[in-house]
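Q: Would you mind keeping the following structure in view while I ask a few things?
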Amino acid sequence: MTRKTPESLLPLTPAVLHILLALADGERHGYAIAQEVEAMSEGQVRMGPGTLYGSILRMTSAELVEEVVTRRREDGDERRRYYRLTPFGRRVLVREVARLDAVVALARRKSLLQSPA
Amino acid sequence: MSDHPRPTRRSRLLAYCYPRELREQYADDIARFIDDTRLDPRYRDDPFGQLRVMARLSADALASLFSSLRSGAPRPIRVASPEPSLTQRMRSISMDALMKDVRFAFRGFIRRPAFTAVALGTLMLGIGANTAIFTLVNALLLRPLPYPHPEQLVSIWGTSDAQKQMLMSLQDVVDLRQRNHTFSDIGVVRTISVNLTGGDRPDRVIGNFVTASTLKLLGAKTAVGRLFTEDETALGAGQQVVVLSYAAWMGRFGGRRDVLGKTMVLNGRSHVVIGVTAADYLDPFESELWLPVSSAPSREWFDRANASVWAVGRLQPGLAPSDGQKDLASLEAQLQREHPQSGARPSVSVLDLREQLVGNSRFMLLVLFGAVVAVLLIVCVNLANLQLIRASTRAREISLRAALGANRARLAIQVIVESLLLSLAGGVLGVLLGTWAVKGLVSILPIADATPVHVDAWVLAFSFGIALLTGLMFGAPAALFGSRVNLQDALRARTESATARRFNARNALVAAELSLCIVLLAVAGLLTRSLVRLQHTDTGFDADNVLTAEFRLPSAKYDDSAKVTLFMSAALERLREIRGVASVAFVDAIPLSGNYGMVSYVAEGHAQPAAGAEPVTQVTNASDGYFRTMRIPQLAGRDFDSHDRVGSERVAIVNEAFARKEWPGEPAVGKSVRLIGPPDQIVRVVGVVGGVKQLTLSEHDSPQLYLNKMQASGIFASVAMRTVGDPESMGKELREAIWSIDPDQPVWKVRTMSALVRRDLAPAKLSVRLIGAFAVLAIVLAVIGVYGVMSFSVAQRTREVGIRMALGARGGQAVRMVLRSGLEVVIVAVAVGVAGALAAGRYLESRLYNVGANDPATMLIVPLVLAVVALFASWLPARRAARVDPAITLREE
């Protein structure tokens with residue numbers, strides 16, 4: 001697969017952005033990603049298996065995430081597949097968040113948001 | 001969730017609802033995800049939790065399926081911004097990909113020149129044949145006639161059981177025009193040869209004797225001058241004026257505008273030119289000029305008892321020909337009551353004008369159209385097979401591409417793109433071929449002016465349409481089945497040999513094309529046998545060395561019967577004196593010339609039937625020596641002779657069929673026949689001759705009766721002249737002999753009797769040639785098809801054959817094994833094909849001459865020939881199976 005620049009993938013779809021965010025602090029398996037996304041968004045974003053694995057399939061081939069090859073976890077569940085961000089995936093996430101940040105800053109200058117966070 | 005190392009069976013089944021792309025990679029993970037969700041405490045403890053889980057999962061699965069269908073891939077990463085419109089998406093996704101597919105296809109064509117050439121060649125022939133025949137169908141059957149509201153136009157004829165189109169009484173037509181309630185207008189029509197004199201030499205033109213309404217209701221416009229007024233054509237008050245066709249204006253007056261006011265001597269009388277029809281007015285009756293029916297060539301026309309015209313009518317909007325027919329029939333009955341003395345009237349038939357113009361060719365055109373569609377279907381099937389074969393040989397390439405990320409839809413699109421490129425290129429070539437073929441067909445077909453044949457936008461649209469359809473049809477099987485490749489299977493090993501043994505799609509396609517081929521061959525066979533029978537039919541005369549010609553004396557000049565008879569005997573005398581003439585006679589209707597007459601009669605010894613129910617016979621006026629000249633055998637009695645004169649007893653000669661029908665077992669000579677007039681006349685039979693084919697070679701024996709032309713005063717005559725040498729070279733002498741009596745008398749239609757026979761056979765010959773050519777094309781294509789599929793199945797079964805031979809099978813057994821599968825295909829094809837051929841035969845039946853619809857010879861030989869050819873085509877590749885070396889095939893394992 002030819003190497004892409006992070007910008008060529010922006011803006012990300014909500015599902016992809018949330019999966020990247022869920023994996024930002026470490027590797028997780030599928031259901032754990034979905035739970036993390038739900039928790040992070042305070043129940044706003046819920047992912048079914050189709051949405052989740054559909055996105056992971058694309059993200060894997062775009063080299064945003066990768067499967068963790070050997071898994072030895074204390075919970076001993078070897079059959080679960082774990083995913084983590086690739087360095088490229090992290091760069092894409094950073095660029096996307098920066099882009100969103102700029103948008104938010106702009107919105108704030110226009111006094112669209114009531115108070116700074 | 002670690003307590004569930006393996007997903008439950010239920011969840012694994014649910015995972016099956018997800019698109020294949022996901023299942024292939026994540027089936028277990030999805031199932032486990034479902035388990036995790038169901039066991040989540042939030043849902044486990046909620047009474048409606050399981051329902052909510054199921055609802056969420058279903059929505060998710062549907063969304064996944066939908067997104068995979070729509071884009072061919074699930075879940076994009078990037079939000080395309082701004083959200084693109086459908087057309088933008090088509091353009092951005094597809095243009096790139098499409099160009100790639102097109103380039104890929106072109107590289108493929110160059111890599112496989114043989115396949116490309118075969119595909120383009122067969123497509124060109126298939127689409128070309130369709131273009132050519134559709135051009136005719138379009139011009140003759142589909143395109144509206146070039147008149148305003150052509151659907152309202154009808155022709156009006158008399159009709160009886162014996163004859164479809166009979167002339168009607170002019171007086172009756174004039175009354176019908178005034179009294180009817182269903183027509184906007186009715187116009188008199190009668191096209192007839194008119195003598196044109198006053199130039200260097202006498203000439204003949206096709207004149208149309210009409211009322212003013214005729215040209216008006218056809219919507220004729222003028223280039224110069226004007227059309228007739230009602231007064232100019234009124235019976236008893238008409239003017240001697242003439243309207244020229246544009247062609248006659250150009251040809252005879254060089255298109256000069258000062259033609260208006262010039263006089264033309266027509267049938268011996270001066271007529272003033274008052275107008276010329278516009279260049280774009282296409283006359284349905286091919287008239288060269290129009291004359292008021294009030295200047296009829298003979299005064300007999302004004303007699304109500306004389307049938308001399310027919311008519312064209314414009315129905316009131318919304319009415320059907322049958323409405324007009326009902327109306328006119330009741331008016332005819334009314335006229336019959338008012339004028340009983342003018343004899344029994346035939347019933348009236350009102351038919352669509354198009355039917356009148358092209359009705360005869362409709363049947364053959366539809367048969368031809370069926371044939372070319374069959375050929376195109378065979379082309380399709382063949383190419384579909386070639387593509388299927390290629391798809392299965394490319395199975396591994398395709399799976400590799402699929403594994404590298406190409407999705408199924410894209411692979412299918414690529415096959416379709418390739419097929420469409422081929423079919424469109426074939427379509428362009430086909431249109432060129434078809435246009436060229438149409439030119440050839442038009443030069444040998446009799447095409448009416450009103451239905452000019454040319455390739456128009458509809459034809460181009462049709463050809464483009466069938467090219468597209470063809471491409472889709474032959475690409476579809478490969479696109480559907482070819483891309484349905486199981487990734488692992490295909491990558492793991494060679495294609496399964498077991499699939500080759502089934503009666504699979506390829507075999508079904510071959511069987512289909514073979515059965516189409518049988519139908520086409522059977523139709524060609526039936527028509528050919530019918531033509532051969534027709535060619536060898538007994539015409540009843542000897543056509544060799546006979547020259548014929550026609551003339552009509554102008555009644556203005558030959559205004560009493562004595563003058564006519566004088567001319568006829570003098571002319572006959574001169575013609576006999578020509579060196580190289582064996583014998584010569586006059587007759588008013590040369591066989592197969594298109595001329596004929598019919599008369600109702602009552603034969604001696606038979607009771608008078610009800611008026612109008614009398615039997616009908618063909619009637620011909622002939623001079624003495626006619627039978628000798630035509631070599632029609634004299635079976636009893638005598639020929640006409642010089643003792644039969646005007647004033648002496650009226651004599652007749654009947655044919656065998658007449659004598660047998662009216663006086664079976666009795667001598668006909670001496671019997672009398674009453675010919676229904678008016679006025680009735682009694683004639684005495686003095687001889688019996690053999691029957692002749694008068695109207696067409698395919699007619700069956702019917703009663704014929706000859707009157708002595710020297711006892712009648714008919715102004716129309718045909719010359720029949722038997723020559724010692726080549727009749728073709730005697731035309732000049734024939735003309736000069738007539739001109740030596742009257743230098744103003746035009747003579748036309750100088751042609752040999754053999755040419756008339758050939759002309760009668762021409763349509764049958766043409767259709768046999770065309771259908772035969774299509775059948776040969778079909779069989780060649782079918783052989784290619786069978787050979788291709790059998791070669792492929794042999795190649796696929798090489799391993800199986802190798803193993804069998806390693807286990808002791810002989811080469812011959814291998815050949816038989818392959819042939820057996822070929823035989824299966826042939827048996828299916830023969831069964832279907834013969835059923836189709838029998839159905840087609842029944843459709844053709846009415847057009848076959850002395851050949852049954854299920855002619856056993858055709859129905860046996862055709863399938864047999866095809867079976868042999870098909871088996872031969874499968875035997876060629878089968879031999880290869882015998883040469884399989886088990887050592888080599890097994891080593892490849």
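Letters A, B, ... mark the chains of the structure tokens in the order given; residue numbers begin at 1 per chain; ligand numbers begin at 1, in order shown.
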Go through chain A and flag each residue having an atom no more than 7 Å from chain B; for those, report the closest pair of atoms plus their distance in Å to one decimal, using only C-alpha atoms, ordered by chain and rising number, as a Markdown table.

A:
| residue | atom | partner | partner_atom | distance |
| --- | --- | --- | --- | --- |
| A:Leu9 | CA | B:Arg78 | CA | 5.1 |
| A:Leu10 | CA | B:Arg78 | CA | 5.7 |
| A:Pro11 | CA | B:Val79 | CA | 5.4 |
| A:Leu12 | CA | B:Arg78 | CA | 4.4 |
| A:Thr13 | CA | B:Val79 | CA | 5.0 |
| A:Val16 | CA | B:Ile77 | CA | 6.0 |
| A:Tyr31 | CA | B:Phe33 | CA | 5.5 |
| A:Gly48 | CA | B:Asp60 | CA | 5.5 |
| A:Pro49 | CA | B:Ile30 | CA | 5.6 |
| A:Gly50 | CA | B:Ser64 | CA | 5.4 |
| A:Thr51 | CA | B:Ser64 | CA | 6.6 |
| A:Tyr53 | CA | B:Leu22 | CA | 6.9 |
| A:Gly54 | CA | B:Pro74 | CA | 5.3 |
| A:Ser55 | CA | B:Arg75 | CA | 5.2 |
| A:Arg58 | CA | B:Ile77 | CA | 6.7 |
| A:Met59 | CA | B:Ile77 | CA | 6.9 |
| A:Asp75 | CA | B:Ser2 | CA | 6.3 |
| A:Asp77 | CA | B:Ser2 | CA | 5.9 |
| A:Arg79 | CA | B:Pro5 | CA | 6.6 |

Q: Might you pull out every residue within 10 Å of Gly49 (chain B), with only C-alpha atoms counted and same-chain residues fewer than 5 positions away left off, and present them as a count of residues only?

A: 9

Q: If we count only C-alpha atoms, what is near Val830 (chain B) at a cut-off of 12 Å, once residues fewer than 6 positions away on the same chain are taken out, given as a count of residues only?

A: 27

Q: Mind pulling up the distance from CA of Ala448 (chain B) to CA of Leu357 (chain B)?

A: 7.0 Å

Q: For region 673-688 of chain B, please output as a PyMOL selection string all residues within 9 Å (counting only C-alpha atoms; exclusion window: fewer than 6 positions along the same chain).

A: chain B and resi 305-306+341-343+599-604+614+633-640+649-656+658-659+707

Q: Kindly export the residues of the current selection with N, CA and C atoms, as a compact mmCIF listing (two decimals), in the first residue's frame.

A:
# COMPACT_ATOMS: atom_id res chain seq x y z
N ALA B 305 -71.85 0.06 -64.37
CA ALA B 305 -71.63 -1.39 -64.35
C ALA B 305 -70.15 -1.73 -64.50
N ASN B 306 -69.35 -0.73 -64.89
CA ASN B 306 -67.95 -1.01 -65.18
C ASN B 306 -67.07 -0.72 -63.95
N GLN B 341 -79.65 -2.89 -62.05
CA GLN B 341 -79.31 -3.26 -63.43
C GLN B 341 -77.80 -3.27 -63.66
N SER B 342 -77.01 -2.68 -62.74
CA SER B 342 -75.58 -2.62 -62.99
C SER B 342 -74.84 -3.83 -62.43
N GLY B 343 -75.59 -4.87 -62.08
CA GLY B 343 -74.93 -6.12 -61.71
C GLY B 343 -74.60 -6.19 -60.23
N VAL B 599 -63.87 -13.28 -64.16
CA VAL B 599 -65.26 -13.12 -64.55
C VAL B 599 -66.10 -14.19 -63.86
N SER B 600 -67.33 -13.83 -63.50
CA SER B 600 -68.27 -14.82 -62.95
C SER B 600 -68.98 -15.46 -64.13
N TYR B 601 -69.38 -16.73 -63.99
CA TYR B 601 -69.98 -17.43 -65.12
C TYR B 601 -70.95 -18.49 -64.63
N VAL B 602 -71.78 -18.95 -65.57
CA VAL B 602 -72.61 -20.12 -65.31
C VAL B 602 -72.38 -21.07 -66.48
N ALA B 603 -71.97 -22.32 -66.19
CA ALA B 603 -71.66 -23.27 -67.25
C ALA B 603 -72.91 -24.05 -67.64
N GLU B 604 -72.95 -24.47 -68.91
CA GLU B 604 -74.07 -25.25 -69.40
C GLU B 604 -74.26 -26.50 -68.54
N GLU B 614 -72.22 -16.85 -58.22
CA GLU B 614 -71.72 -17.61 -59.36
C GLU B 614 -70.24 -17.95 -59.17
N PRO B 633 -50.15 -26.78 -74.15
CA PRO B 633 -50.65 -27.93 -74.91
C PRO B 633 -52.15 -27.82 -75.20
N GLN B 634 -52.50 -28.10 -76.46
CA GLN B 634 -53.91 -28.16 -76.87
C GLN B 634 -54.37 -29.58 -76.60
N LEU B 635 -55.37 -29.77 -75.73
CA LEU B 635 -55.76 -31.10 -75.31
C LEU B 635 -56.97 -31.62 -76.06
N ALA B 636 -57.82 -30.72 -76.52
CA ALA B 636 -59.01 -31.14 -77.27
C ALA B 636 -59.51 -29.98 -78.12
N GLY B 637 -60.26 -30.28 -79.14
CA GLY B 637 -60.86 -29.22 -79.97
C GLY B 637 -59.81 -28.48 -80.78
N ARG B 638 -60.10 -27.20 -81.03
CA ARG B 638 -59.23 -26.43 -81.91
C ARG B 638 -58.78 -25.15 -81.25
N ASP B 639 -57.82 -24.48 -81.91
CA ASP B 639 -57.39 -23.14 -81.51
C ASP B 639 -58.38 -22.14 -82.11
N PHE B 640 -58.31 -20.87 -81.66
CA PHE B 640 -59.05 -19.83 -82.37
C PHE B 640 -58.54 -19.79 -83.80
N GLU B 649 -70.17 -16.36 -84.16
CA GLU B 649 -70.43 -16.90 -82.82
C GLU B 649 -69.22 -16.70 -81.91
N ARG B 650 -69.49 -16.24 -80.65
CA ARG B 650 -68.39 -15.99 -79.70
C ARG B 650 -67.87 -17.33 -79.21
N VAL B 651 -66.56 -17.50 -79.33
CA VAL B 651 -65.99 -18.80 -78.97
C VAL B 651 -65.09 -18.64 -77.75
N ALA B 652 -64.87 -19.75 -77.06
CA ALA B 652 -64.00 -19.74 -75.88
C ALA B 652 -63.19 -21.02 -75.84
N ILE B 653 -62.06 -20.97 -75.21
CA ILE B 653 -61.25 -22.16 -74.95
C ILE B 653 -61.04 -22.20 -73.44
N VAL B 654 -61.25 -23.36 -72.85
CA VAL B 654 -61.10 -23.46 -71.39
C VAL B 654 -59.90 -24.34 -71.06
N ASN B 655 -59.42 -24.22 -69.84
CA ASN B 655 -58.32 -25.11 -69.45
C ASN B 655 -58.89 -26.39 -68.85
N GLU B 656 -58.00 -27.32 -68.63
CA GLU B 656 -58.39 -28.64 -68.14
C GLU B 656 -59.15 -28.54 -66.82
N PHE B 658 -60.96 -26.14 -65.67
CA PHE B 658 -62.32 -25.65 -65.91
C PHE B 658 -63.21 -26.79 -66.39
N ALA B 659 -62.72 -27.51 -67.42
CA ALA B 659 -63.52 -28.59 -68.02
C ALA B 659 -63.81 -29.67 -66.98
N LEU B 707 -60.92 -16.02 -74.27
CA LEU B 707 -61.82 -15.52 -75.31
C LEU B 707 -60.95 -15.10 -76.49

Q: So which residues touch Ala571 (chain B) within 8 Å, counting only C-alpha atoms, skipping near sequence neighbours fewer than 6 positions away, as a count of residues only?

A: 3

Q: For Arg91 (chain A), work out the shell of residues within 10 Å, counting only C-alpha atoms and skipping chain neighbours fewer than 5 positions away, then give it as a PyMOL selection string.

A: chain A and resi 5-7+64+85-86+96-97

Q: Based on the backbone DSSP call, show me all residues of chain A assigned helix (DSSP H, G or I), as a count of residues only.

A: 61

Q: Please provide the set of residues having any atom within 6 Å of region 199-203 of chain B, restricted to only C-alpha atoms, with same-chain residues fewer than 4 positions apart removed, written as a PyMOL selection string.

A: chain B and resi 195+744-746

Q: Any chance you could list, as a VMD selection string, the residues in region 521-580 of chain B that come up strand (DSSP E) when DSSP is run on the backbone?

A: chain B and resid 546 to 552
